[in-house]
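One file, protein_16.cif, carrying mmCIF, C-alpha atoms:
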```cif
data_my_file
loop_
_atom_site.label_atom_id
_atom_site.label_comp_id
_atom_site.auth_asym_id
_atom_site.auth_seq_id
_atom_site.Cartn_x
_atom_site.Cartn_y
_atom_site.Cartn_z
CA MET A 118 -69.39 13.07 -42.34
CA ALA A 119 -66.85 10.72 -41.11
CA SER A 120 -67.14 7.69 -43.20
CA ILE A 121 -66.91 4.44 -41.45
CA ASP A 122 -65.21 1.63 -43.16
CA GLU A 123 -67.22 -1.47 -43.05
CA GLY A 124 -64.10 -3.50 -42.61
CA GLY A 125 -62.62 -5.88 -45.09
CA GLY A 126 -64.23 -9.19 -45.79
CA GLY A 127 -61.01 -11.14 -45.65
CA GLY A 128 -60.51 -11.47 -41.89
CA HIS A 129 -59.36 -14.62 -40.24
CA LYS A 130 -62.13 -16.80 -39.16
CA LYS A 131 -61.41 -18.39 -35.89
CA GLY A 132 -64.43 -20.52 -35.88
CA PRO A 133 -68.01 -20.76 -37.05
CA GLY A 134 -69.43 -18.94 -34.02
CA VAL A 135 -67.04 -15.95 -34.02
CA LYS A 136 -68.47 -12.68 -35.30
CA LYS A 137 -66.52 -10.39 -37.57
CA ALA A 138 -64.97 -7.54 -35.53
CA LYS A 139 -65.89 -4.17 -37.02
CA LYS A 140 -62.82 -2.08 -37.83
CA LEU A 141 -63.25 1.67 -37.43
CA SER A 142 -61.35 3.67 -40.02
CA THR A 143 -59.21 6.56 -38.83
CA ARG A 144 -59.98 8.54 -41.99
CA VAL A 145 -62.16 11.56 -41.43
CA ASP A 146 -63.70 13.65 -44.15
CA MET A 147 -61.78 16.92 -44.02
CA THR A 148 -63.71 18.82 -46.68
CA PRO A 149 -65.65 21.16 -44.34
CA MET A 150 -62.52 22.04 -42.42
CA VAL A 151 -60.62 22.85 -45.59
CA ASP A 152 -63.58 24.90 -46.81
CA LEU A 153 -63.53 26.91 -43.65
CA GLY A 154 -59.76 27.28 -43.88
CA PHE A 155 -60.00 28.80 -47.34
CA LEU A 156 -62.82 31.04 -46.27
CA LEU A 157 -60.61 32.44 -43.51
CA ILE A 158 -57.68 32.84 -45.89
CA THR A 159 -59.86 34.86 -48.25
CA PHE A 160 -61.09 36.98 -45.36
CA PHE A 161 -57.61 37.77 -44.10
CA ILE A 162 -56.25 38.45 -47.58
CA PHE A 163 -58.95 41.03 -48.11
CA THR A 164 -58.60 42.72 -44.75
CA THR A 165 -54.80 42.84 -44.60
CA THR A 166 -53.26 46.14 -45.52
CA MET A 167 -49.75 45.32 -46.59
CA SER A 168 -48.41 48.80 -47.21
CA SER A 169 -47.94 50.32 -43.80
CA PRO A 170 -48.16 54.08 -43.54
CA THR A 171 -44.97 56.04 -43.15
CA THR A 172 -44.31 59.58 -42.07
CA MET A 173 -42.58 62.42 -43.79
CA GLN A 174 -40.68 64.99 -41.76
CA LEU A 175 -41.32 68.69 -42.14
CA PHE A 176 -39.55 71.49 -40.34
CA MET A 177 -41.10 74.91 -40.49
CA PRO A 178 -39.24 78.06 -39.52
CA LYS A 179 -40.51 80.31 -36.81
CA ASP A 180 -42.38 83.30 -38.18
CA THR A 181 -40.23 86.34 -37.72
CA ASP A 182 -40.82 89.99 -38.38
CA LYS A 183 -37.25 91.05 -37.99
CA ASP A 184 -35.51 91.49 -41.29
CA GLU A 185 -32.07 90.45 -40.11
CA ASP A 186 -33.42 87.06 -38.99
CA GLN A 187 -34.61 86.20 -42.46
CA ASN A 188 -32.43 83.88 -44.44
CA LYS A 189 -31.14 85.68 -47.45
CA ALA A 190 -31.07 83.67 -50.61
CA LYS A 191 -28.69 84.38 -53.43
CA GLU A 192 -30.64 85.32 -56.48
CA SER A 193 -28.67 83.04 -58.77
CA GLY A 194 -29.51 79.98 -56.69
CA ALA A 195 -33.20 80.58 -56.15
CA LEU A 196 -35.92 78.54 -57.78
CA THR A 197 -39.53 79.41 -57.03
CA ILE A 198 -42.18 76.76 -57.62
CA MET A 199 -45.85 77.68 -57.49
CA MET A 200 -48.78 75.30 -57.48
CA SER A 201 -52.31 76.10 -58.51
CA LYS A 202 -55.61 74.44 -59.38
CA ASP A 203 -55.86 71.27 -61.50
CA ASN A 204 -52.29 70.24 -60.64
CA HIS A 205 -50.76 73.16 -62.53
CA ILE A 206 -47.22 74.13 -61.60
CA TYR A 207 -45.38 77.31 -62.50
CA TYR A 208 -41.81 78.27 -61.77
CA TYR A 209 -39.23 80.94 -62.26
CA GLU A 210 -35.54 81.16 -61.53
CA GLY A 211 -34.05 84.00 -59.52
CA GLN A 212 -36.24 87.09 -59.33
CA LEU A 213 -39.48 87.38 -61.22
CA LYS A 214 -38.82 89.74 -64.14
CA GLU A 215 -40.97 92.80 -64.73
CA ASP A 216 -42.31 91.42 -67.99
CA ALA A 217 -42.70 87.94 -66.45
CA SER A 218 -40.64 86.44 -69.26
CA ASN A 219 -39.07 83.90 -66.91
CA PHE A 220 -42.45 82.74 -65.57
CA LYS A 221 -42.89 79.24 -66.97
CA GLN A 222 -45.15 76.25 -66.58
CA ALA A 223 -44.11 72.76 -65.49
CA THR A 224 -45.92 69.45 -65.02
CA PHE A 225 -46.10 66.72 -62.38
CA GLY A 226 -45.77 64.04 -65.06
CA SER A 227 -42.52 62.30 -65.91
CA THR A 228 -42.40 63.38 -69.56
CA ALA A 229 -42.54 66.78 -71.19
CA ILE A 230 -45.85 67.80 -72.70
CA ILE A 231 -46.86 70.48 -75.19
CA GLY A 232 -48.27 73.51 -73.42
CA PRO A 233 -51.24 75.66 -74.48
CA ASN A 234 -48.96 78.11 -76.30
CA GLY A 235 -47.19 75.38 -78.23
CA ASP A 236 -44.07 75.48 -76.06
CA SER A 237 -42.90 72.35 -74.29
CA VAL A 238 -43.76 72.03 -70.59
CA LEU A 239 -41.02 70.24 -68.66
CA PRO A 240 -41.58 67.85 -65.75
CA VAL A 241 -40.92 69.64 -62.47
CA ARG A 242 -38.26 67.06 -61.58
CA THR A 243 -36.27 67.97 -64.69
CA VAL A 244 -36.56 71.66 -63.78
CA ILE A 245 -35.21 70.99 -60.27
CA ILE A 246 -32.37 68.75 -61.43
CA ARG A 247 -31.35 71.23 -64.14
CA LYS A 248 -31.32 74.06 -61.62
CA LYS A 249 -29.26 72.04 -59.20
CA ARG A 250 -26.74 71.20 -61.93
CA ASP A 251 -26.50 74.88 -62.96
CA VAL A 252 -25.89 75.95 -59.37
CA ILE A 253 -23.20 73.31 -58.89
CA ASN A 254 -21.50 74.36 -62.15
CA ALA A 255 -21.49 78.01 -61.09
CA HIS A 256 -20.13 77.19 -57.65
CA VAL A 257 -17.33 79.37 -56.28
CA HIS A 258 -15.39 78.19 -53.27
CA ASP A 259 -15.37 80.60 -50.31
CA ALA A 260 -14.94 80.73 -46.53
CA GLY A 261 -18.56 79.77 -45.83
CA CYS A 262 -17.98 76.67 -47.87
CA GLU A 263 -15.11 75.53 -45.67
CA LYS A 264 -17.38 75.54 -42.64
CA ILE A 265 -20.02 73.41 -44.33
CA GLN A 266 -17.40 70.93 -45.49
CA GLN A 267 -15.90 70.76 -42.01
CA LYS A 268 -19.29 70.07 -40.48
CA ALA A 269 -20.09 67.35 -43.00
CA LYS A 270 -16.70 65.78 -42.39
CA GLU A 271 -17.31 65.69 -38.64
CA GLN A 272 -20.67 64.02 -39.21
CA GLY A 273 -18.93 61.28 -41.14
CA ASP A 274 -20.34 62.10 -44.56
CA PRO A 275 -18.21 60.19 -47.10
CA ASN A 276 -18.92 62.86 -49.72
CA TRP A 277 -18.08 65.81 -47.51
CA GLN A 278 -16.06 67.45 -50.25
CA LYS A 279 -19.19 67.78 -52.34
CA SER A 280 -21.35 68.91 -49.43
CA CYS A 281 -21.15 72.62 -50.15
CA LEU A 282 -21.41 72.60 -53.93
CA ASP A 283 -25.13 73.28 -53.81
CA LYS A 284 -25.12 75.67 -50.88
CA ASP A 285 -26.57 78.54 -52.93
CA LEU A 286 -29.51 76.46 -54.09
CA VAL A 287 -32.78 77.39 -52.42
CA VAL A 288 -36.14 76.16 -53.62
CA VAL A 289 -39.06 78.32 -52.60
CA ILE A 290 -42.36 76.43 -52.59
CA LYS A 291 -45.48 78.53 -52.93
CA PRO A 292 -48.71 76.57 -52.87
CA GLY A 293 -51.67 78.61 -54.07
CA GLU A 294 -55.09 78.73 -52.47
CA LEU A 295 -56.41 76.25 -55.01
CA ALA A 296 -53.55 73.76 -54.81
CA THR A 297 -54.32 70.48 -53.08
CA TYR A 298 -52.58 68.88 -50.13
CA LYS A 299 -51.34 66.17 -52.50
CA ASN A 300 -49.63 68.80 -54.67
CA THR A 301 -47.87 70.18 -51.61
CA ILE A 302 -46.68 66.76 -50.47
CA ASP A 303 -45.62 65.83 -53.99
CA ILE A 304 -43.41 68.90 -54.27
CA LEU A 305 -41.92 68.31 -50.79
CA ASP A 306 -41.28 64.76 -51.94
CA GLU A 307 -39.48 66.07 -55.03
CA MET A 308 -37.11 67.82 -52.64
CA ALA A 309 -36.28 64.48 -51.03
CA ILE A 310 -36.03 62.74 -54.40
CA SER A 311 -33.61 65.27 -55.87
CA ASP A 312 -31.77 65.69 -52.55
CA ILE A 313 -32.43 69.41 -52.19
CA ARG A 314 -31.23 70.48 -48.77
CA ARG A 315 -32.58 73.98 -48.58
CA TYR A 316 -36.20 74.71 -49.29
CA ALA A 317 -38.90 76.85 -47.78
CA MET A 318 -42.66 76.95 -47.96
CA VAL A 319 -44.14 80.44 -48.18
CA ASP A 320 -47.25 82.17 -49.47
CA LEU A 321 -47.73 83.56 -52.96
CA PHE A 322 -47.08 87.24 -53.59
CA PRO A 323 -50.04 89.18 -55.02
CA ILE A 324 -48.17 89.74 -58.29
CA GLU A 325 -47.65 86.00 -58.68
CA GLN A 326 -51.27 85.31 -57.90
CA GLU A 327 -52.19 87.81 -60.59
CA LEU A 328 -49.88 86.13 -63.10
CA ILE A 329 -51.28 82.68 -62.40
CA LYS A 330 -54.81 83.95 -62.68
CA ARG A 331 -54.01 85.57 -66.01
CA THR A 332 -52.32 82.44 -67.35
CA GLU A 333 -55.11 80.16 -66.26
CA GLY A 334 -57.80 82.52 -67.48
CA GLY A 335 -56.28 82.30 -70.94
CA ASN A 336 -56.29 78.52 -71.01
CA MET B 209 -55.66 12.14 -54.73
CA ASP B 210 -53.78 13.01 -51.58
CA MET B 211 -54.67 16.56 -50.61
CA THR B 212 -52.68 16.66 -47.38
CA PRO B 213 -49.68 18.78 -48.54
CA PHE B 214 -52.04 21.19 -50.22
CA VAL B 215 -54.10 21.62 -47.08
CA ASP B 216 -50.90 22.00 -45.06
CA VAL B 217 -49.77 24.88 -47.23
CA ALA B 218 -53.21 26.46 -47.09
CA PHE B 219 -53.15 26.49 -43.31
CA LEU B 220 -49.62 27.84 -43.31
CA ILE B 221 -50.81 30.77 -45.43
CA LEU B 222 -53.79 31.19 -43.12
CA THR B 223 -51.50 31.38 -40.10
CA PHE B 224 -49.33 33.93 -41.86
CA PHE B 225 -52.25 36.19 -42.63
CA ILE B 226 -53.63 35.92 -39.13
CA MET B 227 -50.26 36.95 -37.73
CA ALA B 228 -49.64 39.69 -40.28
CA THR B 229 -53.05 41.29 -40.04
CA LYS B 230 -53.38 44.39 -38.02
CA PHE B 231 -56.79 45.91 -38.01
CA LYS B 232 -56.70 49.55 -38.72
CA PRO B 233 -58.47 51.64 -36.11
CA GLU B 234 -61.84 52.92 -37.07
CA GLU B 235 -61.89 56.54 -38.01
CA PRO B 236 -64.76 58.97 -38.35
CA VAL B 237 -63.68 59.84 -41.90
CA GLU B 238 -61.96 57.97 -44.65
CA ILE B 239 -58.70 59.61 -45.66
CA LYS B 240 -56.66 58.78 -48.73
CA THR B 241 -53.17 59.98 -47.94
CA PRO B 242 -50.64 60.99 -50.59
CA ASN B 243 -47.55 58.93 -51.40
CA SER B 244 -44.01 59.82 -50.53
CA VAL B 245 -40.57 58.25 -50.68
CA SER B 246 -40.13 58.68 -46.93
CA THR B 247 -39.42 55.45 -45.05
CA LYS B 248 -39.82 56.58 -41.45
CA GLU B 249 -42.28 54.46 -39.52
CA LEU B 250 -45.43 55.72 -37.90
CA PRO B 251 -45.31 56.00 -34.10
CA GLU B 252 -48.05 54.27 -32.11
CA SER B 253 -47.62 56.04 -28.81
CA ASP B 254 -46.79 59.46 -27.50
CA ALA B 255 -48.14 61.27 -30.50
CA ILE B 256 -50.99 63.61 -31.27
CA GLN B 257 -52.59 63.46 -34.65
CA VAL B 258 -54.52 66.06 -36.55
CA THR B 259 -56.56 64.76 -39.47
CA PHE B 260 -58.24 66.80 -42.18
CA ASP B 261 -60.46 65.48 -44.91
CA SER B 262 -61.12 66.66 -48.47
CA THR B 263 -63.77 69.16 -47.36
CA GLY B 264 -61.46 70.70 -44.76
CA ARG B 265 -63.04 69.18 -41.63
CA VAL B 266 -60.41 68.84 -38.91
CA PHE B 267 -60.21 66.03 -36.35
CA PHE B 268 -58.00 65.62 -33.33
CA SER B 269 -56.75 62.40 -31.76
CA VAL B 270 -54.24 61.24 -29.21
CA LEU B 271 -52.19 58.13 -29.99
CA SER B 272 -51.33 56.36 -26.76
CA GLU B 273 -51.25 52.64 -27.41
CA LYS B 274 -48.88 51.99 -24.51
CA ASP B 275 -50.47 54.30 -21.98
CA PRO B 276 -54.25 54.71 -22.33
CA LYS B 277 -54.45 56.69 -19.10
CA ILE B 278 -52.76 59.70 -20.63
CA LYS B 279 -55.65 60.09 -23.05
CA TYR B 280 -57.96 60.45 -20.07
CA ASP B 281 -55.63 63.05 -18.61
CA VAL B 282 -55.76 65.01 -21.86
CA ILE B 283 -59.55 65.27 -21.88
CA LYS B 284 -59.58 66.06 -18.17
CA ASN B 285 -57.13 68.86 -18.80
CA ILE B 286 -59.24 70.25 -21.64
CA ASN B 287 -62.39 69.89 -19.60
CA ASP B 288 -60.85 71.94 -16.82
CA SER B 289 -59.25 74.63 -18.94
CA ARG B 290 -62.26 75.19 -21.17
CA SER B 291 -64.83 74.44 -18.41
CA LEU B 292 -66.86 72.12 -20.60
CA GLY B 293 -68.65 70.39 -17.72
CA LEU B 294 -68.12 66.86 -19.02
CA THR B 295 -69.19 64.00 -16.78
CA GLU B 296 -66.88 61.14 -15.81
CA ALA B 297 -68.66 58.79 -18.24
CA GLU B 298 -68.30 61.27 -21.08
CA MET B 299 -64.57 61.60 -20.48
CA LYS B 300 -64.23 57.81 -20.45
CA ASN B 301 -66.07 57.81 -23.76
CA PHE B 302 -63.44 60.15 -25.20
CA VAL B 303 -60.73 57.65 -24.34
CA ARG B 304 -62.46 55.06 -26.49
CA ALA B 305 -63.26 57.44 -29.36
CA PRO B 306 -60.77 57.24 -32.26
CA ALA B 307 -60.92 60.94 -33.10
CA VAL B 308 -63.09 63.92 -32.37
CA GLY B 309 -64.02 66.70 -34.75
CA VAL B 310 -66.56 68.96 -33.10
CA PRO B 311 -66.40 72.46 -31.65
CA PHE B 312 -66.01 72.64 -27.86
CA SER B 313 -69.68 73.61 -27.65
CA GLY B 314 -70.68 70.32 -29.27
CA LEU B 315 -68.23 68.06 -27.44
CA LYS B 316 -70.62 67.20 -24.61
CA GLN B 317 -73.29 66.23 -27.10
CA LEU B 318 -70.89 64.01 -29.08
CA LEU B 319 -69.50 62.24 -26.03
CA ALA B 320 -72.98 61.57 -24.68
CA ILE B 321 -73.50 59.25 -27.66
CA PRO B 322 -72.24 55.71 -27.05
CA GLN B 323 -69.05 54.76 -28.88
CA GLU B 324 -70.76 52.40 -31.34
CA ASP B 325 -73.20 55.05 -32.57
CA GLN B 326 -70.66 57.83 -32.91
CA LYS B 327 -69.81 56.96 -36.48
CA ASN B 328 -73.36 57.77 -37.52
CA PHE B 329 -73.01 61.23 -36.04
CA LYS B 330 -71.79 63.70 -38.66
CA GLN B 331 -68.96 65.63 -37.05
CA PRO B 332 -68.55 69.16 -38.40
CA GLY B 333 -64.82 69.40 -37.68
CA ILE B 334 -62.89 71.51 -35.18
CA PRO B 335 -63.26 75.22 -36.00
CA LEU B 336 -60.10 76.77 -37.40
CA ASP B 337 -59.04 80.23 -38.41
CA THR B 338 -55.75 81.83 -39.40
CA LEU B 339 -54.73 82.00 -35.72
CA GLY B 340 -55.37 78.35 -35.03
CA GLY B 341 -58.96 78.48 -33.76
CA GLU B 342 -60.02 75.85 -31.24
CA LEU B 343 -57.38 73.45 -32.51
CA TYR B 344 -54.83 75.67 -30.79
CA TYR B 345 -56.35 74.85 -27.38
CA TRP B 346 -56.57 71.14 -28.14
CA ILE B 347 -52.88 71.07 -28.99
CA ARG B 348 -51.89 73.31 -26.09
CA ASP B 349 -53.66 71.19 -23.49
CA ALA B 350 -52.46 67.91 -24.96
CA VAL B 351 -48.87 69.12 -25.00
CA GLY B 352 -49.28 70.32 -21.41
CA THR B 353 -50.51 66.87 -20.34
CA PHE B 354 -47.56 65.14 -21.97
CA SER B 355 -45.12 67.63 -20.47
CA GLY B 356 -41.63 66.25 -20.13
CA ARG B 357 -42.19 63.44 -22.59
CA LYS B 358 -41.09 63.42 -26.16
CA LEU B 359 -44.19 63.97 -28.21
CA GLN B 360 -44.56 63.57 -31.96
CA TYR B 361 -46.93 65.61 -34.05
CA LEU B 362 -48.65 63.82 -36.87
CA ILE B 363 -50.64 65.42 -39.65
CA LYS B 364 -52.83 63.28 -41.83
CA GLY B 365 -54.46 64.92 -44.79
CA ASP B 366 -56.56 63.82 -47.70
CA ASN B 367 -55.20 63.98 -51.26
CA ASN B 368 -57.94 66.33 -52.34
CA ALA B 369 -57.83 68.68 -49.38
CA LYS B 370 -56.95 72.23 -50.35
CA TYR B 371 -53.71 73.81 -49.24
CA PRO B 372 -55.33 76.48 -46.98
CA ALA B 373 -56.69 73.70 -44.74
CA PHE B 374 -53.17 72.35 -44.32
CA LYS B 375 -51.83 75.84 -43.70
CA GLN B 376 -54.35 76.49 -40.94
CA VAL B 377 -53.42 73.24 -39.22
CA LEU B 378 -49.75 74.24 -39.43
CA ASN B 379 -50.64 77.64 -37.97
CA ALA B 380 -52.34 76.03 -34.98
CA PHE B 381 -49.14 74.07 -34.30
CA LYS B 382 -46.90 77.08 -34.91
CA LYS B 383 -48.87 79.14 -32.40
CA ASN B 384 -47.92 76.48 -29.86
CA GLU B 385 -44.25 76.91 -30.77
CA ILE B 386 -44.17 73.57 -32.53
CA PHE B 387 -42.27 73.59 -35.79
CA LYS B 388 -41.49 69.95 -36.43
CA PHE B 389 -44.17 67.79 -37.96
CA GLN B 390 -44.61 64.42 -39.50
CA MET B 391 -47.04 63.99 -42.33
CA ILE B 392 -48.60 60.57 -42.72
CA THR B 393 -48.08 59.22 -46.22
CA MET B 394 -48.00 55.92 -48.05
CA LEU B 395 -44.63 54.48 -48.98
CA GLU B 396 -43.55 54.71 -52.58
CA ASP B 397 -40.23 53.75 -54.15
CA ALA B 398 -37.68 56.38 -55.03
CA PRO B 399 -37.83 56.84 -58.81
CA ALA B 400 -35.02 54.96 -60.57
CA GLY B 401 -32.07 57.13 -61.48
CA SER B 402 -32.95 59.94 -59.10
CA GLU B 403 -30.41 61.22 -56.59
CA LEU B 404 -32.30 59.66 -53.70
CA ALA B 405 -32.28 56.25 -55.40
CA ILE B 406 -28.50 56.58 -55.92
CA ILE B 407 -27.96 57.55 -52.27
CA ARG B 408 -30.11 54.67 -51.03
CA ASN B 409 -28.33 52.17 -53.25
CA ARG B 410 -25.01 53.37 -51.92
CA GLU B 411 -26.22 53.01 -48.32
CA ARG B 412 -27.52 49.54 -49.05
CA ALA B 413 -24.20 48.53 -50.57
CA ALA B 414 -22.32 49.99 -47.58
CA SER B 415 -24.38 48.05 -45.04
CA LYS B 416 -23.68 44.72 -46.75
#
```
Step by step, read the file and then write its structure as structure tokens.
Amino acid sequence: MASIDEGGGGGHKKGPGVKKAKKLSTRVDMTPMVDLGFLLITFFIFTTTMSSPTTMQLFMPKDTDKDEDQNKAKESGALTIMMSKDNHIYYYEGQLKEDASNFKQATFGSTAIIGPNGDSVLPVRTVIIRKKRDVINAHVHDAGCEKIQQKAKEQGDPNWQKSCLDKDLVVVIKPGELATYKNTIDILDEMAISDIRRYAMVDLFPIEQELIKRTEGGN
Amino acid sequence: MDMTPFVDVAFLILTFFIMATKFKPEEPVEIKTPNSVSTKELPESDAIQVTFDSTGRVFFSVLSEKDPKIKYDVIKNINDSRSLGLTEAEMKNFVRAPAVGVPFSGLKQLLAIPQEDQKNFKQPGIPLDTLGGELYYWIRDAVGTFSGRKLQYLIKGDNNAKYPAFKQVLNAFKKNEIFKFQMITMLEDAPAGSELAIIRNRERAASK
């Protein structure tokens, strides 16, 4: 609705017979255009996905039957994390004891909670960091260590001297049948967050399955 | 009141959103992916993607933004090796389809449906077993088609999918001698105070 200015009344009169020249205004009503502009803005705001997806790398080892091809983990540096239904996590350090006394529960949360038996359940991140610290404290320098340091130095790692401190640390991830994909990714992400270099994803042993079942049955 | 600057800014914002918007490709299922601290970007070309939803249905797709012809070659390869008897039109339809999740026996039926109506067709998912199932052949033939080119393997899973579904997908890849995967996730910041956050801060400081 372009409004037309009727022209001012104060023009110069050249004579009695001269008609007033109509002046067309250059002002156009912009309201509909602005309306449409905002409509489009709203549309694009709603359809835009700002967070672009990223990808997370995963390397799996080749399945091997030969015993000598298996990577041997030192018992002192092993941490086994098991996931089960309803986001439950269990862990033990080293070998699982006969009486399962080192079989403990952890949580995905960031703070410790009180478990069903009244004991405190630590966040899994704390468990991993604590284990890493223990392994580093118990570190003994040997020939294998030299090689790792040399390699890190060649790759230009500024902290090459520290590169082999955690070489005995191995985290074994065992997702149960009832664990979700999210649980699996979350634990793999914890490895990246705590800078764990050696980890493996394997299946649960029957004895561990039994233990989890017993623990969860009691809850 | 003079609205001109206001309108100017509004149109500037509009332009920004038009430029920044990238419509996500339509998919037969809606997947809510987990979060991770990983910052690696998603490839658009030369990648095959396996998707699984919360009920364990598996879908297969070929990402070839730069070279659509290769997608046609993939289906042609599968058609030949599995003797599916697809017509030319059906194979062209595959090129336009975002992802397929049907057994080989149902592929002809799915591709006979025009692209627009495919989303109304409930796809049962590619059959899988502990040895890889039919997904093994999909991957094998796709890898064969791309031979000589660097191919990336993407896995996209739903938050609520169970671990065995993921394991079976991994098995199908492993049977093809593929051991390096990329899982599609949403970016999330490294938690403050964690080792990763310290490393990243150090890298950021070094690059300045």
*For the file shown, what are the residues hit by the PyMOL selection byres ((chain A) within 9 of (chain B)), laid out as JSON, numbers by chain?*
{"A": [151, 154, 155, 157, 158, 159, 161, 162, 164, 165, 166, 167, 168, 169, 170, 171, 172, 173, 174, 175, 176, 177, 178, 179, 180, 292, 293, 294, 295, 296, 297, 298, 299, 300, 301, 302, 303, 305, 306, 307, 309, 310, 311, 312]}
*Specify as a ChimeraX atom specification each residue included when the PyMOL selection byres ((chain A and resi 289) around 9) is applied to this file.*
/A:195-199,287-288,290-291,315-319
*Got a sec to resolve the PyMOL selection byres ((chain A and resi 207-224) around 9) on this structure and send the residues as a count of residues only?*
32
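Note that CA of Ser289 in chain B and CA of Ala350 in chain B are 11.3 Å apart.
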*CA of Val258 in chain B and CA of Lys274 in chain B are how many Å apart?*
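Distance between the two atoms: 19.4 Å.
Take CA of Ile245 in chain A and CA of Gly261 in chain A: the distance between them is 23.7 Å.
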_Applying 12 Å and all atoms listed in the file, which residues near Pro236 in chain B remain after dropping the ones on its own chain fewer than 3 positions away? List them as a PyMOL selection string._
chain B and resi 233+239+259-261+265-269+305-310+323-333
*Considering all atoms listed in the file, state which residue in the set B:Asp288, B:Asn379, B:Thr338, B:Ile347 is at the smallest distance from Leu359 in chain B.*
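Looking only at the distances to Leu359 in chain B, the closest residue turns out to be B:Ile347.
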*Find the spatial neighbours of Asp254 in chain B, counting only C-alpha atoms, within a cut-off of 12 Å - ignore same-chain residues fewer than 6 positions away - and output them as a ChimeraX atom specification.*
/B:269-279,282,350-351,353-362
